[in-house]
Amino acid sequence: MAELTGRRGGYSRGKGGSMHMFSIEKQFFGGNGIVGAQVSLGTGLAFANRYRKNDNVCLTYFGDGAANQGQVYESFNMAQLWKLPVVYIIENNRYAMGTSVSRSSAQTDFSRRGVSFGIPGEKVDGMDVRAVKAAGDKAVAWCRAGKGPYILEMETYRYRGHSMSDPAKYRSKDEVQKMRNEHDPIEQVRARLLEKGWATEDDLKKFDAEVREIVNNAAEFATNDPEPDASELWTDIVK
């Protein structure tokens with residue numbers, strides 16, 4: 001939260017924002033201002049892990065829009081050629097920044113994007129936490145066994161526009177509401193917990209209150225944390 005608000009306590013000391021947030025400590029190498037650039041970066045990290053023989057697997061996330069970038073396929077080729085431990089996770093929310101996949105992608109089954117390279121892939125219900133966990137475990141085990149990269153197409157959805165300036169007029173309100181009603185991941189878990197008797201309404205209210213407190217504390221910290229000193233402009237600069 002502090003990084004998003006440009007504060008000194010942020011992971012990138014307030015200089016990265018949402019586009020360039022990273023944390024070496026957390027092994028999180030962030031986003032990128034260039035569409036699809038994180039795929040090349042993730043592949044390079046996987047190469048470093050293989051070289052160091054540390055058993056780490058790089059999880060590289062990108063969307064259905066970024067999946068059409070050329071560097072993605074260069075990365076696929078290298079990853080399979082060198083059997084790199086990388087899981088490519090394609091978050092298919094159907095609209096990229098604002099264009100339906102049916103209008104922008106010749107192959108809309110993103111789990112098959114690695115076929116020509118011999119990279120296995122599978123579709124996953126990205127709105128079901130159980131399916132995501134199972135698929136992630138399987139893909140990581142594949143990589144750790146030295147079999148090379150793996151592709152997971154997470155079929156998901158975003159309820160709002162890509163950004164504050166996106167009114168999302170390229171889809172109907174009925175479509176969004178139907179997704180909320182029938183596939184919302186949090187509501188699915190909530191209904192399952194109640195149906196199975198694993199939690200009561202009071203339990204869930206307590207969980208909600210705890211989560212809200214965590215979020216509010218983070219927001220409070222980010223709001224009151226000081227902005228970076230002007231001298232910070234000159235740190236971490238490669239000359």
# chains A, B, ... in the order shown; residues from 1 in each chain; ligands from 1
>>> residues_around(residues="segment 170-182 of chain A", least_positions_apart="3", cutoff="12 Å", atoms="only C-alpha atoms", output="PyMOL selection string")
chain A and resi 93-101+103+127-128+156-162+166-167+185-189+191
>>> residues_around(residues="Ala46 of chain A", least_positions_apart="2", cutoff="6 Å", atoms="only C-alpha atoms", output="PyMOL selection string")
chain A and resi 43-44+48-49+58+84-86
>>> write_last_selection(atoms="N, CA and C atoms", output="PDB file, in the first residue's frame")
ATOM      1  N   THR A  43      11.621 -15.722 -17.469  1.00  0.00           N
ATOM      2  CA  THR A  43      12.394 -16.787 -18.096  1.00  0.00           C
ATOM      3  C   THR A  43      13.866 -16.683 -17.710  1.00  0.00           C
ATOM      4  N   GLY A  44      14.354 -15.451 -17.631  1.00  0.00           N
ATOM      5  CA  GLY A  44      15.733 -15.241 -17.198  1.00  0.00           C
ATOM      6  C   GLY A  44      15.951 -15.647 -15.749  1.00  0.00           C
ATOM      7  N   ALA A  48      18.446 -18.510 -14.173  1.00  0.00           N
ATOM      8  CA  ALA A  48      19.340 -18.309 -13.026  1.00  0.00           C
ATOM      9  C   ALA A  48      19.123 -19.401 -11.976  1.00  0.00           C
ATOM     10  N   ASN A  49      17.860 -19.758 -11.735  1.00  0.00           N
ATOM     11  CA  ASN A  49      17.566 -20.805 -10.760  1.00  0.00           C
ATOM     12  C   ASN A  49      18.110 -22.156 -11.208  1.00  0.00           C
ATOM     13  N   CYS A  58      10.145 -20.341 -11.055  1.00  0.00           N
ATOM     14  CA  CYS A  58       9.662 -18.981 -11.283  1.00  0.00           C
ATOM     15  C   CYS A  58       8.220 -19.030 -11.790  1.00  0.00           C
ATOM     16  N   LEU A  84      13.800 -25.026 -18.637  1.00  0.00           N
ATOM     17  CA  LEU A  84      13.862 -24.110 -17.494  1.00  0.00           C
ATOM     18  C   LEU A  84      12.666 -24.298 -16.561  1.00  0.00           C
ATOM     19  N   PRO A  85      12.889 -24.131 -15.247  1.00  0.00           N
ATOM     20  CA  PRO A  85      11.813 -24.297 -14.254  1.00  0.00           C
ATOM     21  C   PRO A  85      10.936 -23.048 -14.151  1.00  0.00           C
ATOM     22  N   VAL A  86      10.028 -22.889 -15.096  1.00  0.00           N
ATOM     23  CA  VAL A  86       9.156 -21.720 -15.108  1.00  0.00           C
ATOM     24  C   VAL A  86       7.722 -22.134 -15.427  1.00  0.00           C
TER      25      VAL A  86
END
>>> residues_around(residues="Asn32 of chain A", least_positions_apart="4", cutoff="7 Å", atoms="only C-alpha atoms", output="list in words")
Met19, His20, Ala37 and Gln38 of chain A
>>> write_last_selection(atoms="N, CA and C atoms", output="PDB file, in the first residue's frame")
ATOM      1  N   MET A  19       3.484  -0.188 -11.328  1.00  0.00           N
ATOM      2  CA  MET A  19       4.117  -0.738 -12.533  1.00  0.00           C
ATOM      3  C   MET A  19       5.511  -1.308 -12.291  1.00  0.00           C
ATOM      4  N   HIS A  20       6.208  -0.820 -11.276  1.00  0.00           N
ATOM      5  CA  HIS A  20       7.591  -1.242 -11.053  1.00  0.00           C
ATOM      6  C   HIS A  20       7.848  -1.619  -9.591  1.00  0.00           C
ATOM      7  N   ALA A  37       6.783  -7.807 -20.992  1.00  0.00           N
ATOM      8  CA  ALA A  37       8.217  -7.833 -20.693  1.00  0.00           C
ATOM      9  C   ALA A  37       8.545  -8.735 -19.516  1.00  0.00           C
ATOM     10  N   GLN A  38       7.577  -8.920 -18.606  1.00  0.00           N
ATOM     11  CA  GLN A  38       7.841  -9.765 -17.443  1.00  0.00           C
ATOM     12  C   GLN A  38       8.033 -11.230 -17.829  1.00  0.00           C
TER      13      GLN A  38
END
>>> select_by_dssp(residues="segment 74-122 of chain A", states="strand (DSSP E)", output="PyMOL selection string")
chain A and resi 86-92+121-122
>>> residues_around(residues="segment 115-120 of chain A", least_positions_apart="5", cutoff="8 Å", atoms="only C-alpha atoms", output="ChimeraX atom specification")
/A:76-77,80,148-151
>>> closest_residue(among="A:Arg8, A:Lys169, A:His183, A:Arg113", to="Leu152 of chain A", atoms="only C-alpha atoms")
A:Arg113
>>> select_by_dssp(residues="segment 98-128 of chain A", states="alpha helix (DSSP H)", output="ChimeraX atom specification")
/A:101-104
>>> closest_residue(among="A:Tyr51, A:Thr60, A:Gly9, A:Asp208", to="Phe29 of chain A", atoms="only C-alpha atoms")
A:Thr60
>>> closest_residue(among="A:Asn56, A:Asn216, A:Ser12, A:Ser40", to="Glu74 of chain A", atoms="only C-alpha atoms")
A:Ser40
>>> closest_residue(among="A:Ala67, A:Ala218, A:Ala141, A:Val211", to="Val35 of chain A", atoms="only C-alpha atoms")
A:Ala67
>>> decode(residues="segment 107-155 of chain A", atoms="N, CA and C atoms", output="compact mmCIF listing (two decimals), in the first residue's frame")
# COMPACT_ATOMS: atom_id res chain seq x y z
N GLN A 107 -5.85 -17.75 -31.83
CA GLN A 107 -6.00 -18.95 -31.01
C GLN A 107 -6.45 -18.49 -29.62
N THR A 108 -7.72 -18.69 -29.32
CA THR A 108 -8.26 -18.21 -28.04
C THR A 108 -8.12 -19.23 -26.92
N ASP A 109 -7.63 -20.42 -27.23
CA ASP A 109 -7.33 -21.41 -26.19
C ASP A 109 -5.88 -21.19 -25.78
N PHE A 110 -5.68 -20.38 -24.75
CA PHE A 110 -4.32 -19.98 -24.38
C PHE A 110 -3.52 -21.12 -23.76
N SER A 111 -4.18 -22.16 -23.33
CA SER A 111 -3.45 -23.30 -22.79
C SER A 111 -2.67 -24.02 -23.89
N ARG A 112 -3.01 -23.76 -25.15
CA ARG A 112 -2.35 -24.40 -26.30
C ARG A 112 -1.27 -23.53 -26.92
N ARG A 113 -1.01 -22.39 -26.32
CA ARG A 113 -0.03 -21.46 -26.91
C ARG A 113 1.39 -22.03 -26.97
N GLY A 114 1.67 -23.05 -26.17
CA GLY A 114 3.02 -23.62 -26.19
C GLY A 114 3.13 -24.89 -27.00
N VAL A 115 2.08 -25.28 -27.72
CA VAL A 115 2.06 -26.56 -28.44
C VAL A 115 3.23 -26.69 -29.42
N SER A 116 3.50 -25.64 -30.19
CA SER A 116 4.56 -25.73 -31.20
C SER A 116 5.95 -25.88 -30.59
N PHE A 117 6.06 -25.56 -29.29
CA PHE A 117 7.35 -25.70 -28.60
C PHE A 117 7.40 -26.98 -27.76
N GLY A 118 6.28 -27.69 -27.71
CA GLY A 118 6.23 -28.90 -26.89
C GLY A 118 6.02 -28.61 -25.41
N ILE A 119 5.47 -27.43 -25.11
CA ILE A 119 5.20 -27.08 -23.70
C ILE A 119 3.78 -27.48 -23.36
N PRO A 120 3.59 -28.33 -22.36
CA PRO A 120 2.23 -28.73 -21.98
C PRO A 120 1.49 -27.58 -21.32
N GLY A 121 0.16 -27.60 -21.43
CA GLY A 121 -0.65 -26.57 -20.81
C GLY A 121 -2.02 -27.08 -20.48
N GLU A 122 -2.69 -26.37 -19.60
CA GLU A 122 -4.05 -26.76 -19.25
C GLU A 122 -4.88 -25.56 -18.84
N LYS A 123 -6.19 -25.67 -19.05
CA LYS A 123 -7.12 -24.65 -18.61
C LYS A 123 -7.48 -24.88 -17.15
N VAL A 124 -7.63 -23.79 -16.41
CA VAL A 124 -7.96 -23.89 -15.00
C VAL A 124 -9.07 -22.87 -14.69
N ASP A 125 -10.02 -23.27 -13.85
CA ASP A 125 -11.03 -22.33 -13.39
C ASP A 125 -10.37 -21.39 -12.39
N GLY A 126 -9.98 -20.24 -12.86
CA GLY A 126 -9.27 -19.28 -12.02
C GLY A 126 -10.13 -18.64 -10.96
N MET A 127 -11.43 -18.93 -10.96
CA MET A 127 -12.33 -18.40 -9.94
C MET A 127 -12.57 -19.41 -8.82
N ASP A 128 -11.90 -20.55 -8.89
CA ASP A 128 -12.05 -21.60 -7.87
C ASP A 128 -10.69 -21.83 -7.21
N VAL A 129 -10.55 -21.42 -5.97
CA VAL A 129 -9.26 -21.48 -5.28
C VAL A 129 -8.72 -22.91 -5.21
N ARG A 130 -9.61 -23.89 -5.13
CA ARG A 130 -9.17 -25.29 -5.05
C ARG A 130 -8.53 -25.73 -6.37
N ALA A 131 -9.14 -25.34 -7.48
CA ALA A 131 -8.61 -25.70 -8.80
C ALA A 131 -7.26 -25.02 -9.04
N VAL A 132 -7.15 -23.77 -8.60
CA VAL A 132 -5.91 -23.02 -8.78
C VAL A 132 -4.78 -23.67 -7.98
N LYS A 133 -5.07 -24.01 -6.73
CA LYS A 133 -4.05 -24.65 -5.88
C LYS A 133 -3.59 -25.97 -6.47
N ALA A 134 -4.53 -26.81 -6.91
CA ALA A 134 -4.17 -28.12 -7.46
C ALA A 134 -3.35 -27.98 -8.73
N ALA A 135 -3.74 -27.07 -9.61
CA ALA A 135 -3.01 -26.88 -10.86
C ALA A 135 -1.62 -26.32 -10.60
N GLY A 136 -1.52 -25.40 -9.64
CA GLY A 136 -0.22 -24.83 -9.30
C GLY A 136 0.73 -25.87 -8.75
N ASP A 137 0.23 -26.73 -7.87
CA ASP A 137 1.06 -27.81 -7.31
C ASP A 137 1.58 -28.73 -8.42
N LYS A 138 0.69 -29.07 -9.34
CA LYS A 138 1.05 -29.97 -10.43
C LYS A 138 2.12 -29.35 -11.33
N ALA A 139 1.94 -28.08 -11.66
CA ALA A 139 2.89 -27.41 -12.57
C ALA A 139 4.26 -27.25 -11.92
N VAL A 140 4.28 -26.88 -10.65
CA VAL A 140 5.56 -26.71 -9.94
C VAL A 140 6.29 -28.05 -9.83
N ALA A 141 5.55 -29.12 -9.56
CA ALA A 141 6.16 -30.45 -9.47
C ALA A 141 6.76 -30.84 -10.81
N TRP A 142 6.07 -30.50 -11.89
CA TRP A 142 6.58 -30.79 -13.25
C TRP A 142 7.92 -30.10 -13.46
N CYS A 143 7.99 -28.82 -13.08
CA CYS A 143 9.23 -28.06 -13.27
C CYS A 143 10.35 -28.60 -12.40
N ARG A 144 10.04 -28.92 -11.16
CA ARG A 144 11.08 -29.40 -10.23
C ARG A 144 11.59 -30.78 -10.64
N ALA A 145 10.81 -31.50 -11.42
CA ALA A 145 11.25 -32.80 -11.90
C ALA A 145 12.18 -32.68 -13.11
N GLY A 146 12.48 -31.44 -13.51
CA GLY A 146 13.40 -31.21 -14.61
C GLY A 146 12.78 -31.37 -15.98
N LYS A 147 11.44 -31.27 -16.06
CA LYS A 147 10.76 -31.49 -17.34
C LYS A 147 10.56 -30.21 -18.15
N GLY A 148 11.01 -29.09 -17.61
CA GLY A 148 10.88 -27.84 -18.35
C GLY A 148 9.66 -27.04 -17.97
N PRO A 149 9.28 -26.08 -18.81
CA PRO A 149 8.20 -25.15 -18.49
C PRO A 149 6.81 -25.77 -18.57
N TYR A 150 5.83 -25.05 -18.01
CA TYR A 150 4.44 -25.50 -18.01
C TYR A 150 3.56 -24.26 -18.15
N ILE A 151 2.45 -24.39 -18.86
CA ILE A 151 1.53 -23.26 -19.06
C ILE A 151 0.21 -23.54 -18.35
N LEU A 152 -0.26 -22.56 -17.60
CA LEU A 152 -1.58 -22.62 -16.96
C LEU A 152 -2.40 -21.44 -17.47
N GLU A 153 -3.52 -21.74 -18.11
CA GLU A 153 -4.44 -20.68 -18.49
C GLU A 153 -5.49 -20.55 -17.39
N MET A 154 -5.42 -19.46 -16.65
CA MET A 154 -6.39 -19.22 -15.59
C MET A 154 -7.57 -18.43 -16.16
N GLU A 155 -8.70 -19.08 -16.27
CA GLU A 155 -9.89 -18.41 -16.78
C GLU A 155 -10.51 -17.59 -15.65
